[in-house]
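Trainee: Take a look at target_28.csv, CSV, C-alpha atoms and all ligand atoms:
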```csv
chain,number,residue,atom,x,y,z
A,1,MET,CA,0.0,0.0,0.0
A,2,ARG,CA,1.2,3.4,-0.9
A,3,PHE,CA,0.7,6.5,1.3
A,4,ASP,CA,1.4,10.0,-0.1
A,5,ILE,CA,1.4,12.8,2.4
A,6,LEU,CA,1.1,16.4,1.2
A,7,THR,CA,2.2,18.9,3.9
A,8,LEU,CA,3.9,22.2,4.5
A,9,PHE,CA,6.1,20.6,7.2
A,10,PRO,CA,7.5,17.3,5.9
A,11,ALA,CA,10.1,17.3,8.8
A,12,MET,CA,7.3,16.8,11.3
A,13,PHE,CA,7.0,13.2,10.0
A,14,GLN,CA,10.5,12.2,11.1
A,15,GLY,CA,10.0,9.9,14.1
A,16,PRO,CA,6.5,8.4,13.9
A,17,LEU,CA,7.1,7.2,10.3
A,18,THR,CA,10.8,6.5,10.6
A,19,GLU,CA,10.8,4.4,13.8
A,20,SER,CA,9.7,0.9,14.9
A,21,ILE,CA,6.8,-0.9,13.1
A,22,LEU,CA,6.3,1.7,10.3
A,23,LYS,CA,10.0,1.8,9.6
A,24,ARG,CA,10.2,-2.0,9.4
A,25,ALA,CA,7.1,-2.2,7.3
A,26,GLN,CA,8.6,0.2,4.8
A,27,GLN,CA,11.9,-1.6,4.7
A,28,ALA,CA,10.0,-4.9,4.1
A,29,GLY,CA,8.2,-3.2,1.3
A,30,ARG,CA,4.7,-3.8,2.8
A,31,ILE,CA,4.0,-0.1,2.6
A,32,GLU,CA,5.5,3.0,0.9
A,33,ILE,CA,5.3,6.4,2.5
A,34,HIS,CA,6.1,9.4,0.3
A,35,LEU,CA,6.3,12.9,1.8
A,36,HIS,CA,5.6,15.9,-0.5
A,37,ASP,CA,6.3,19.6,0.5
A,38,ILE,CA,3.4,21.6,-0.9
A,39,ARG,CA,5.7,24.6,-1.2
A,40,GLN,CA,7.4,22.8,-4.1
A,41,TRP,CA,4.4,23.7,-6.2
A,42,THR,CA,4.4,27.5,-5.3
A,43,THR,CA,5.4,29.7,-8.2
A,44,ASP,CA,6.2,33.1,-6.6
A,45,ARG,CA,9.5,34.3,-5.2
A,46,HIS,CA,8.2,34.1,-1.6
A,47,ARG,CA,6.9,30.5,-2.1
A,48,THR,CA,3.5,31.6,-0.8
A,49,ALA,CA,1.2,28.7,0.1
A,50,ASP,CA,-1.3,30.6,2.2
A,51,ASP,CA,-3.1,34.0,2.1
A,52,THR,CA,-5.5,36.1,4.1
A,53,PRO,CA,-9.2,35.1,4.0
A,54,TYR,CA,-11.7,36.8,1.6
A,55,GLY,CA,-14.3,38.4,3.8
A,56,GLY,CA,-11.8,39.3,6.5
A,57,GLY,CA,-11.3,37.6,9.8
A,58,ALA,CA,-8.3,36.2,11.6
A,59,GLY,CA,-5.9,33.5,10.4
A,60,MET,CA,-4.7,32.4,7.0
A,61,VAL,CA,-6.2,30.0,4.4
A,62,MET,CA,-4.1,27.6,2.2
A,63,LYS,CA,-4.1,28.8,-1.4
A,64,ALA,CA,-5.8,26.7,-4.0
A,65,GLU,CA,-3.2,26.9,-6.8
A,66,PRO,CA,-0.2,25.3,-5.1
A,67,LEU,CA,-2.3,22.7,-3.3
A,68,ALA,CA,-4.2,21.7,-6.5
A,69,ALA,CA,-0.9,21.5,-8.4
A,70,ALA,CA,0.6,19.3,-5.7
A,71,ILE,CA,-2.4,16.9,-5.6
A,72,ARG,CA,-2.5,16.6,-9.3
A,73,ALA,CA,1.3,16.0,-9.6
A,74,VAL,CA,1.3,13.5,-6.8
A,75,ARG,CA,-1.7,11.6,-8.2
A,76,ALA,CA,0.1,11.4,-11.6
A,77,ALA,CA,3.3,10.0,-10.0
A,78,ASP,CA,1.8,6.5,-9.6
A,79,GLU,CA,-0.8,4.7,-11.8
A,80,ARG,CA,-2.4,3.1,-8.7
A,81,PRO,CA,-5.8,4.7,-8.1
A,82,GLY,CA,-5.9,6.4,-4.7
A,83,VAL,CA,-8.4,8.3,-2.5
A,84,THR,CA,-7.5,11.8,-1.6
A,85,ILE,CA,-8.3,12.6,2.0
A,86,LEU,CA,-8.3,15.9,3.8
A,87,LEU,CA,-7.7,15.8,7.5
A,88,THR,CA,-9.9,18.5,9.1
A,89,PRO,CA,-11.9,19.0,12.3
A,90,ASP,CA,-15.0,19.2,10.1
A,91,GLY,CA,-14.4,15.7,8.7
A,92,GLU,CA,-16.2,12.4,9.3
A,93,LEU,CA,-15.0,10.9,12.6
A,94,LEU,CA,-12.4,8.2,12.1
A,95,THR,CA,-13.4,4.8,13.4
A,96,GLN,CA,-11.8,1.4,13.2
A,97,GLN,CA,-14.5,0.5,10.6
A,98,ILE,CA,-13.2,3.3,8.4
A,99,VAL,CA,-9.6,2.3,9.0
A,100,ARG,CA,-10.4,-1.2,7.9
A,101,GLU,CA,-12.0,0.2,4.7
A,102,LEU,CA,-9.0,2.4,4.0
A,103,ALA,CA,-6.6,-0.6,4.5
A,104,THR,CA,-8.1,-2.3,1.5
A,105,LEU,CA,-7.1,0.5,-0.9
A,106,PRO,CA,-3.9,0.3,-3.0
A,107,ARG,CA,-3.2,4.0,-2.3
A,108,LEU,CA,-4.0,6.9,0.0
A,109,LEU,CA,-3.2,10.6,-0.5
A,110,LEU,CA,-3.4,12.5,2.8
A,111,VAL,CA,-3.7,16.3,2.6
A,112,CYS,CA,-2.5,18.1,5.7
A,113,GLY,CA,-4.2,21.5,6.1
A,114,HIS,CA,-2.8,24.4,8.1
A,115,TYR,CA,-3.9,27.6,9.6
A,116,GLU,CA,-7.7,28.0,9.3
A,117,GLY,CA,-8.0,25.4,6.5
A,118,ILE,CA,-7.8,25.2,2.8
A,119,ASP,CA,-9.6,27.1,0.0
A,120,GLU,CA,-13.1,25.6,-0.3
A,121,ARG,CA,-12.7,25.3,-4.1
A,122,VAL,CA,-10.0,22.6,-3.6
A,123,ARG,CA,-12.3,20.8,-1.2
A,124,GLU,CA,-15.0,20.8,-3.8
A,125,THR,CA,-12.9,19.7,-6.8
A,126,LEU,CA,-10.0,17.5,-5.5
A,127,ILE,CA,-10.8,16.1,-2.1
A,128,ASP,CA,-12.6,12.8,-2.1
A,129,ARG,CA,-13.2,12.4,1.6
A,130,GLU,CA,-12.7,14.5,4.8
A,131,LEU,CA,-11.7,12.8,8.0
A,132,SER,CA,-11.3,14.0,11.6
A,133,ILE,CA,-9.4,12.1,14.2
A,134,GLY,CA,-11.5,13.7,17.0
A,135,ASP,CA,-13.5,16.7,18.0
A,136,TYR,CA,-10.6,19.0,18.7
A,137,VAL,CA,-8.5,21.5,16.7
A,138,LEU,CA,-4.8,21.0,16.1
A,139,THR,CA,-2.2,23.4,14.6
A,140,GLY,CA,-2.3,21.4,11.4
A,141,GLY,CA,-3.4,18.1,9.9
A,142,GLU,CA,0.0,16.5,10.2
A,143,LEU,CA,-0.6,14.7,13.5
A,144,ALA,CA,-4.0,13.6,12.2
A,145,ALA,CA,-2.3,12.2,9.1
A,146,MET,CA,0.2,10.3,11.2
A,147,VAL,CA,-2.7,8.7,13.2
A,148,VAL,CA,-4.4,7.6,9.9
A,149,VAL,CA,-1.1,6.2,8.5
A,150,ASP,CA,-0.4,4.3,11.8
A,151,ALA,CA,-3.9,2.9,12.2
A,152,VAL,CA,-4.2,1.9,8.5
A,153,ALA,CA,-0.7,0.5,8.0
A,154,ARG,CA,-1.0,-1.9,11.0
A,155,LEU,CA,-3.8,-3.6,9.1
A,156,VAL,CA,-1.8,-4.1,5.9
A,157,PRO,CA,-0.9,-7.8,5.6
A,158,GLY,CA,2.6,-8.5,7.0
A,159,VAL,CA,2.9,-5.3,9.0
A,160,ILE,CA,2.1,-6.9,12.3
A,161,ASP,CA,1.5,-10.5,13.3
A,162,SER,CA,-2.0,-11.4,12.1
A,163,GLU,CA,-3.1,-13.0,15.5
A,164,SER,CA,-3.1,-9.6,17.2
A,165,ILE,CA,-5.2,-8.1,14.4
A,166,VAL,CA,-7.8,-10.9,14.7
A,167,GLU,CA,-8.1,-10.3,18.4
A,168,GLU,CA,-8.1,-6.6,18.3
A,169,SER,CA,-10.8,-4.8,20.2
A,170,HIS,CA,-13.1,-2.2,18.6
A,171,SER,CA,-13.5,-4.5,15.6
A,172,ASP,CA,-16.5,-6.0,17.5
A,173,PHE,CA,-17.1,-2.7,19.4
A,174,LEU,CA,-16.0,-4.2,22.8
A,175,LEU,CA,-13.1,-2.8,24.8
A,176,GLU,CA,-10.0,-5.0,25.5
A,177,TYR,CA,-9.7,-7.4,28.5
A,178,PRO,CA,-7.1,-6.5,31.1
A,179,HIS,CA,-3.5,-7.7,30.3
A,180,TYR,CA,-0.9,-9.0,32.8
A,181,THR,CA,2.6,-10.3,32.6
A,182,ARG,CA,5.3,-11.5,35.1
A,183,PRO,CA,5.7,-11.2,38.1
A,184,ALA,CA,2.6,-13.1,39.3
A,185,VAL,CA,2.5,-10.8,42.4
A,186,TRP,CA,3.6,-7.1,42.1
A,187,GLU,CA,3.6,-4.8,45.1
A,188,GLY,CA,1.2,-7.2,46.8
A,189,ARG,CA,-1.2,-7.4,43.8
A,190,ALA,CA,-1.7,-10.8,42.3
A,191,VAL,CA,-2.7,-11.7,38.7
A,192,PRO,CA,-6.2,-13.1,38.6
A,193,PRO,CA,-5.7,-16.8,39.3
A,194,VAL,CA,-7.8,-18.0,36.3
A,195,LEU,CA,-5.1,-16.6,34.0
A,196,LEU,CA,-2.5,-19.0,35.7
A,197,SER,CA,-4.9,-22.0,35.7
A,198,GLY,CA,-4.1,-23.2,32.2
A,199,HIS,CA,-7.9,-23.8,31.6
A,200,HIS,CA,-8.2,-22.1,28.2
A,201,GLY,CA,-12.0,-22.3,28.1
A,202,GLU,CA,-12.3,-20.6,31.5
A,203,ILE,CA,-9.7,-18.0,30.5
A,204,ALA,CA,-11.6,-17.2,27.3
A,205,ARG,CA,-14.8,-16.9,29.3
A,206,TRP,CA,-13.2,-14.7,31.9
A,207,ARG,CA,-11.7,-12.4,29.2
A,208,ARG,CA,-15.0,-12.1,27.4
A,209,ALA,CA,-16.8,-11.2,30.6
A,210,GLU,CA,-14.1,-8.6,31.4
A,211,ARG,CA,-14.5,-7.1,27.9
A,212,LEU,CA,-18.3,-6.8,28.4
A,213,ARG,CA,-18.0,-5.4,32.0
A,214,ARG,CA,-15.4,-2.8,31.0
A,215,THR,CA,-17.4,-1.7,28.0
A,216,LEU,CA,-20.6,-1.4,30.0
A,217,VAL,CA,-18.8,0.7,32.6
A,218,ARG,CA,-16.6,2.9,30.3
A,219,ARG,CA,-18.3,3.0,26.9
A,220,PRO,CA,-22.0,2.0,27.1
A,221,ASP,CA,-22.3,3.7,23.7
A,222,LEU,CA,-20.1,1.0,22.2
A,223,LEU,CA,-22.1,-1.7,23.9
A,224,ALA,CA,-25.3,-0.4,22.2
A,225,ARG,CA,-23.5,-0.5,18.9
A,226,ALA,CA,-22.3,-4.1,19.6
A,227,ALA,CA,-25.9,-5.1,20.3
A,228,ALA,CA,-27.2,-3.3,17.2
A,229,ALA,CA,-24.5,-5.1,15.1
A,230,GLY,CA,-25.6,-8.4,16.5
A,231,VAL,CA,-22.2,-9.4,17.9
A,232,LEU,CA,-23.4,-10.2,21.4
A,233,THR,CA,-24.1,-13.9,22.1
A,234,LYS,CA,-26.9,-15.2,24.3
A,235,ALA,CA,-24.2,-15.8,27.0
A,236,ASP,CA,-23.0,-12.2,26.6
A,237,LEU,CA,-26.6,-10.9,27.1
A,238,ALA,CA,-27.2,-13.1,30.1
A,239,LEU,CA,-24.0,-11.8,31.7
A,240,LEU,CA,-24.9,-8.2,30.9
A,241,ALA,CA,-28.3,-8.7,32.4
A,242,GLU,CA,-26.6,-9.9,35.6
A,243,LEU,CA,-24.6,-6.7,35.5
A,244,GLY,CA,-27.8,-4.7,35.3
A,245,TRP,CA,-27.7,-3.8,31.6
A,301,LIG,C1,-7.7,21.5,7.0
A,301,LIG,O1,-7.1,21.6,8.3
A,301,LIG,C2,-7.7,22.4,9.2
A,301,LIG,C3,-9.0,23.1,8.9
A,301,LIG,C4,-9.5,23.9,9.9
A,301,LIG,C5,-8.9,24.1,11.1
A,301,LIG,C6,-7.6,23.4,11.3
A,301,LIG,C7,-7.1,22.6,10.4
A,301,LIG,C8,-5.8,21.9,10.6
A,301,LIG,N1,-5.9,21.3,11.9
A,301,LIG,C9,-6.6,20.2,12.2
A,301,LIG,C10,-6.7,19.2,11.2
A,301,LIG,C11,-7.4,18.0,11.6
A,301,LIG,C12,-7.9,17.9,12.9
A,301,LIG,C13,-8.7,16.7,13.3
A,301,LIG,N2,-9.4,16.7,14.4
A,301,LIG,O2,-8.6,15.6,12.7
A,301,LIG,C14,-7.7,18.9,13.8
A,301,LIG,N3,-7.0,20.0,13.4
```
Would it be possible to restate this file's structure as structure tokens?
Ligand SMILES: COc1ccccc1CNc1ccc(C(N)=O)cn1

Mentor:
Amino acid sequence: MRFDILTLFPAMFQGPLTESILKRAQQAGRIEIHLHDIRQWTTDRHRTADDTPYGGGAGMVMKAEPLAAAIRAVRAADERPGVTILLTPDGELLTQQIVRELATLPRLLLVCGHYEGIDERVRETLIDRELSIGDYVLTGGELAAMVVVDAVARLVPGVIDSESIVEESHSDFLLEYPHYTRPAVWEGRAVPPVLLSGHHGEIARWRRAERLRRTLVRRPDLLARAAAAGVLTKADLALLAELGW
């Protein structure tokens, strides 16, 4: 899978995309990440990529010409069809379901806006989808783009071991069960005995019960979605009834 990131600050991506899992995934050729500095497509002496908003008001707006030229040039750089996504607080809220959908594409172009946003005419003509990583405003779309790359890349085959993908939470709307590792007792706190019992059936039941209980307590909204999606078994519903749901 190929990611193209269009940004005014390519250097911001050193670190998250050049370390650990994403670095190894690139070295293994599972994913390609190409960074593009939008200023490369400015034509004036001052390399102007933003300007004051028509109608007045504070802040700056990213200019249409350089951004449009950048998107068109980057699209043309590879024959694989891609979806062009703008990261913006106004976008559709990113969920694991959307991440799974994006992970099936051969290519993603991520446009990182800055300042107060980008000229509306680029959104109307060249942006296929607008996504937000949450209801808060950042100084730019770069961190949001890194979140999308990280979440999507980890689902690309061969990037992480497939077992942990299968088990991952949020795919069935339920939160994760608690995790423990050595030592068996830490500062007087013991690991739940069932996890040391070796009874895999009991362990599975305990973990499922913990996922349901934690989701009920922390994210009842997700539990409602799980019920609506039909992923709760009769045993789940019985246990939830006991918990007062
Ligand atoms: C087109 O970009 C913008 C448009 C308007 C305001 C700020 C920006 C840039 N800042 C961003 C970008 C994405 C997110 C998010 N929640 O995903 C948060 N802030």

Trainee: What gap, in Å, lies between atom CA of Asp221 of chain A and atom CA of Tyr180 of chain A?

Mentor: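 Computed distance, atom CA of Asp221 of chain A to atom CA of Tyr180 of chain A, equals 26.5 Å.
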
Trainee: What's the 7 Å shell around segment 64-81 of chain A, counting all atoms listed in the file, without same-chain residues fewer than 3 positions away, as a PDB file with C-alpha atoms, in the coordinates of the input?

Mentor:
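The result, written out as around.pdb:
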```pdb
ATOM      1  CA  ILE A  38       3.400  21.600  -0.900  1.00  0.00           C
ATOM      2  CA  TRP A  41       4.400  23.700  -6.200  1.00  0.00           C
ATOM      3  CA  THR A  42       4.400  27.500  -5.300  1.00  0.00           C
ATOM      4  CA  ALA A  49       1.200  28.700   0.100  1.00  0.00           C
ATOM      5  CA  PRO A 106      -3.900   0.300  -3.000  1.00  0.00           C
ATOM      6  CA  ARG A 107      -3.200   4.000  -2.300  1.00  0.00           C
ATOM      7  CA  ASP A 119      -9.600  27.100   0.000  1.00  0.00           C
ATOM      8  CA  VAL A 122     -10.000  22.600  -3.600  1.00  0.00           C
TER       9      VAL A 122
END
```

Trainee: Within 10 Å of ligand LIG 301 (chain A), counting all atoms listed in the file, which protein or nucleic acid residues do you find, written as a PyMOL selection string?

Mentor: chain A and resi 59+61-62+86-94+111-120+123+130-145+147-148

Trainee: Please produce a file of the residues just selected, as a PDB file, in the coordinates of the input, where the atoms kept are C-alpha atoms.

Mentor:
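Written file, again-v3.pdb:
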```pdb
ATOM      1  CA  GLY A  59      -5.900  33.500  10.400  1.00  0.00           C
ATOM      2  CA  VAL A  61      -6.200  30.000   4.400  1.00  0.00           C
ATOM      3  CA  MET A  62      -4.100  27.600   2.200  1.00  0.00           C
ATOM      4  CA  LEU A  86      -8.300  15.900   3.800  1.00  0.00           C
ATOM      5  CA  LEU A  87      -7.700  15.800   7.500  1.00  0.00           C
ATOM      6  CA  THR A  88      -9.900  18.500   9.100  1.00  0.00           C
ATOM      7  CA  PRO A  89     -11.900  19.000  12.300  1.00  0.00           C
ATOM      8  CA  ASP A  90     -15.000  19.200  10.100  1.00  0.00           C
ATOM      9  CA  GLY A  91     -14.400  15.700   8.700  1.00  0.00           C
ATOM     10  CA  GLU A  92     -16.200  12.400   9.300  1.00  0.00           C
ATOM     11  CA  LEU A  93     -15.000  10.900  12.600  1.00  0.00           C
ATOM     12  CA  LEU A  94     -12.400   8.200  12.100  1.00  0.00           C
ATOM     13  CA  VAL A 111      -3.700  16.300   2.600  1.00  0.00           C
ATOM     14  CA  CYS A 112      -2.500  18.100   5.700  1.00  0.00           C
ATOM     15  CA  GLY A 113      -4.200  21.500   6.100  1.00  0.00           C
ATOM     16  CA  HIS A 114      -2.800  24.400   8.100  1.00  0.00           C
ATOM     17  CA  TYR A 115      -3.900  27.600   9.600  1.00  0.00           C
ATOM     18  CA  GLU A 116      -7.700  28.000   9.300  1.00  0.00           C
ATOM     19  CA  GLY A 117      -8.000  25.400   6.500  1.00  0.00           C
ATOM     20  CA  ILE A 118      -7.800  25.200   2.800  1.00  0.00           C
ATOM     21  CA  ASP A 119      -9.600  27.100   0.000  1.00  0.00           C
ATOM     22  CA  GLU A 120     -13.100  25.600  -0.300  1.00  0.00           C
ATOM     23  CA  ARG A 123     -12.300  20.800  -1.200  1.00  0.00           C
ATOM     24  CA  GLU A 130     -12.700  14.500   4.800  1.00  0.00           C
ATOM     25  CA  LEU A 131     -11.700  12.800   8.000  1.00  0.00           C
ATOM     26  CA  SER A 132     -11.300  14.000  11.600  1.00  0.00           C
ATOM     27  CA  ILE A 133      -9.400  12.100  14.200  1.00  0.00           C
ATOM     28  CA  GLY A 134     -11.500  13.700  17.000  1.00  0.00           C
ATOM     29  CA  ASP A 135     -13.500  16.700  18.000  1.00  0.00           C
ATOM     30  CA  TYR A 136     -10.600  19.000  18.700  1.00  0.00           C
ATOM     31  CA  VAL A 137      -8.500  21.500  16.700  1.00  0.00           C
ATOM     32  CA  LEU A 138      -4.800  21.000  16.100  1.00  0.00           C
ATOM     33  CA  THR A 139      -2.200  23.400  14.600  1.00  0.00           C
ATOM     34  CA  GLY A 140      -2.300  21.400  11.400  1.00  0.00           C
ATOM     35  CA  GLY A 141      -3.400  18.100   9.900  1.00  0.00           C
ATOM     36  CA  GLU A 142       0.000  16.500  10.200  1.00  0.00           C
ATOM     37  CA  LEU A 143      -0.600  14.700  13.500  1.00  0.00           C
ATOM     38  CA  ALA A 144      -4.000  13.600  12.200  1.00  0.00           C
ATOM     39  CA  ALA A 145      -2.300  12.200   9.100  1.00  0.00           C
ATOM     40  CA  VAL A 147      -2.700   8.700  13.200  1.00  0.00           C
ATOM     41  CA  VAL A 148      -4.400   7.600   9.900  1.00  0.00           C
TER      42      VAL A 148
END
```

Trainee: Restricting the calculation to all atoms listed in the file: of A:Leu110, A:Ala28, A:Ala226, A:Ala235, which residue gets closest to Thr7 of chain A?

Mentor: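 Selected residue with least distance to Thr7 of chain A: A:Leu110.
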
Trainee: For atom CA of Ala227 of chain A and atom CA of Leu239 of chain A, determine how far apart the two atoms are, in Å to one decimal place.

Mentor: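 Pair atom CA of Ala227 of chain A / atom CA of Leu239 of chain A returns 13.4 Å.
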
Trainee: Ranking A:Leu196, A:Ala58, A:Ala228, A:Leu237 by minimum distance to Leu212 of chain A and counting only C-alpha atoms, which one comes first?

Mentor: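 Distance minimum relative to Leu212 of chain A lands on A:Leu237.
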
Trainee: For atom CA of Leu35 of chain A and atom CA of Gln96 of chain A, quote the distance in Å rounded to one decimal.

Mentor: 24.3 Å

Trainee: Would you mind putting N, CA, C and O atoms back on segment 222-238 of chain A and writing the result as a PDB file, in the frame of the given file?

Mentor:
```pdb
ATOM      1  N   LEU A 222     -20.621   2.067  23.009  1.00  0.00           N
ATOM      2  CA  LEU A 222     -20.100   1.000  22.200  1.00  0.00           C
ATOM      3  C   LEU A 222     -20.882  -0.297  22.367  1.00  0.00           C
ATOM      4  O   LEU A 222     -21.118  -1.046  21.419  1.00  0.00           O
ATOM      5  N   LEU A 223     -21.335  -0.495  23.611  1.00  0.00           N
ATOM      6  CA  LEU A 223     -22.100  -1.700  23.900  1.00  0.00           C
ATOM      7  C   LEU A 223     -23.412  -1.686  23.082  1.00  0.00           C
ATOM      8  O   LEU A 223     -23.813  -2.688  22.484  1.00  0.00           O
ATOM      9  N   ALA A 224     -24.015  -0.498  23.022  1.00  0.00           N
ATOM     10  CA  ALA A 224     -25.300  -0.400  22.200  1.00  0.00           C
ATOM     11  C   ALA A 224     -24.980  -0.694  20.772  1.00  0.00           C
ATOM     12  O   ALA A 224     -25.763  -1.383  20.103  1.00  0.00           O
ATOM     13  N   ARG A 225     -23.834  -0.253  20.265  1.00  0.00           N
ATOM     14  CA  ARG A 225     -23.500  -0.500  18.900  1.00  0.00           C
ATOM     15  C   ARG A 225     -23.225  -2.021  18.662  1.00  0.00           C
ATOM     16  O   ARG A 225     -23.583  -2.603  17.632  1.00  0.00           O
ATOM     17  N   ALA A 226     -22.615  -2.628  19.671  1.00  0.00           N
ATOM     18  CA  ALA A 226     -22.300  -4.100  19.600  1.00  0.00           C
ATOM     19  C   ALA A 226     -23.666  -4.840  19.496  1.00  0.00           C
ATOM     20  O   ALA A 226     -23.844  -5.725  18.652  1.00  0.00           O
ATOM     21  N   ALA A 227     -24.622  -4.399  20.351  1.00  0.00           N
ATOM     22  CA  ALA A 227     -25.900  -5.100  20.300  1.00  0.00           C
ATOM     23  C   ALA A 227     -26.612  -4.873  18.993  1.00  0.00           C
ATOM     24  O   ALA A 227     -27.091  -5.829  18.369  1.00  0.00           O
ATOM     25  N   ALA A 228     -26.554  -3.640  18.499  1.00  0.00           N
ATOM     26  CA  ALA A 228     -27.200  -3.300  17.200  1.00  0.00           C
ATOM     27  C   ALA A 228     -26.549  -4.120  16.066  1.00  0.00           C
ATOM     28  O   ALA A 228     -27.209  -4.526  15.110  1.00  0.00           O
ATOM     29  N   ALA A 229     -25.230  -4.332  16.192  1.00  0.00           N
ATOM     30  CA  ALA A 229     -24.500  -5.100  15.100  1.00  0.00           C
ATOM     31  C   ALA A 229     -24.688  -6.561  15.264  1.00  0.00           C
ATOM     32  O   ALA A 229     -24.230  -7.333  14.415  1.00  0.00           O
ATOM     33  N   GLY A 230     -25.349  -6.969  16.353  1.00  0.00           N
ATOM     34  CA  GLY A 230     -25.600  -8.400  16.500  1.00  0.00           C
ATOM     35  C   GLY A 230     -24.395  -9.219  16.897  1.00  0.00           C
ATOM     36  O   GLY A 230     -24.333 -10.419  16.620  1.00  0.00           O
ATOM     37  N   VAL A 231     -23.392  -8.597  17.555  1.00  0.00           N
ATOM     38  CA  VAL A 231     -22.200  -9.400  17.900  1.00  0.00           C
ATOM     39  C   VAL A 231     -22.222  -9.904  19.300  1.00  0.00           C
ATOM     40  O   VAL A 231     -21.274 -10.542  19.763  1.00  0.00           O
ATOM     41  N   LEU A 232     -23.330  -9.673  20.028  1.00  0.00           N
ATOM     42  CA  LEU A 232     -23.400 -10.200  21.400  1.00  0.00           C
ATOM     43  C   LEU A 232     -24.134 -11.546  21.387  1.00  0.00           C
ATOM     44  O   LEU A 232     -25.192 -11.692  20.789  1.00  0.00           O
ATOM     45  N   THR A 233     -23.509 -12.515  22.049  1.00  0.00           N
ATOM     46  CA  THR A 233     -24.100 -13.900  22.100  1.00  0.00           C
ATOM     47  C   THR A 233     -25.168 -13.902  23.215  1.00  0.00           C
ATOM     48  O   THR A 233     -25.243 -12.981  24.045  1.00  0.00           O
ATOM     49  N   LYS A 234     -25.898 -15.020  23.246  1.00  0.00           N
ATOM     50  CA  LYS A 234     -26.900 -15.200  24.300  1.00  0.00           C
ATOM     51  C   LYS A 234     -26.168 -15.166  25.688  1.00  0.00           C
ATOM     52  O   LYS A 234     -26.640 -14.544  26.636  1.00  0.00           O
ATOM     53  N   ALA A 235     -24.989 -15.791  25.741  1.00  0.00           N
ATOM     54  CA  ALA A 235     -24.200 -15.800  27.000  1.00  0.00           C
ATOM     55  C   ALA A 235     -23.825 -14.389  27.379  1.00  0.00           C
ATOM     56  O   ALA A 235     -23.934 -13.970  28.529  1.00  0.00           O
ATOM     57  N   ASP A 236     -23.410 -13.587  26.372  1.00  0.00           N
ATOM     58  CA  ASP A 236     -23.000 -12.200  26.600  1.00  0.00           C
ATOM     59  C   ASP A 236     -24.248 -11.462  27.251  1.00  0.00           C
ATOM     60  O   ASP A 236     -24.133 -10.758  28.256  1.00  0.00           O
ATOM     61  N   LEU A 237     -25.402 -11.637  26.611  1.00  0.00           N
ATOM     62  CA  LEU A 237     -26.600 -10.900  27.100  1.00  0.00           C
ATOM     63  C   LEU A 237     -27.001 -11.326  28.461  1.00  0.00           C
ATOM     64  O   LEU A 237     -27.394 -10.500  29.289  1.00  0.00           O
ATOM     65  N   ALA A 238     -26.845 -12.622  28.753  1.00  0.00           N
ATOM     66  CA  ALA A 238     -27.200 -13.100  30.100  1.00  0.00           C
ATOM     67  C   ALA A 238     -26.267 -12.462  31.120  1.00  0.00           C
ATOM     68  O   ALA A 238     -26.706 -11.921  32.138  1.00  0.00           O
TER      69      ALA A 238
END
```
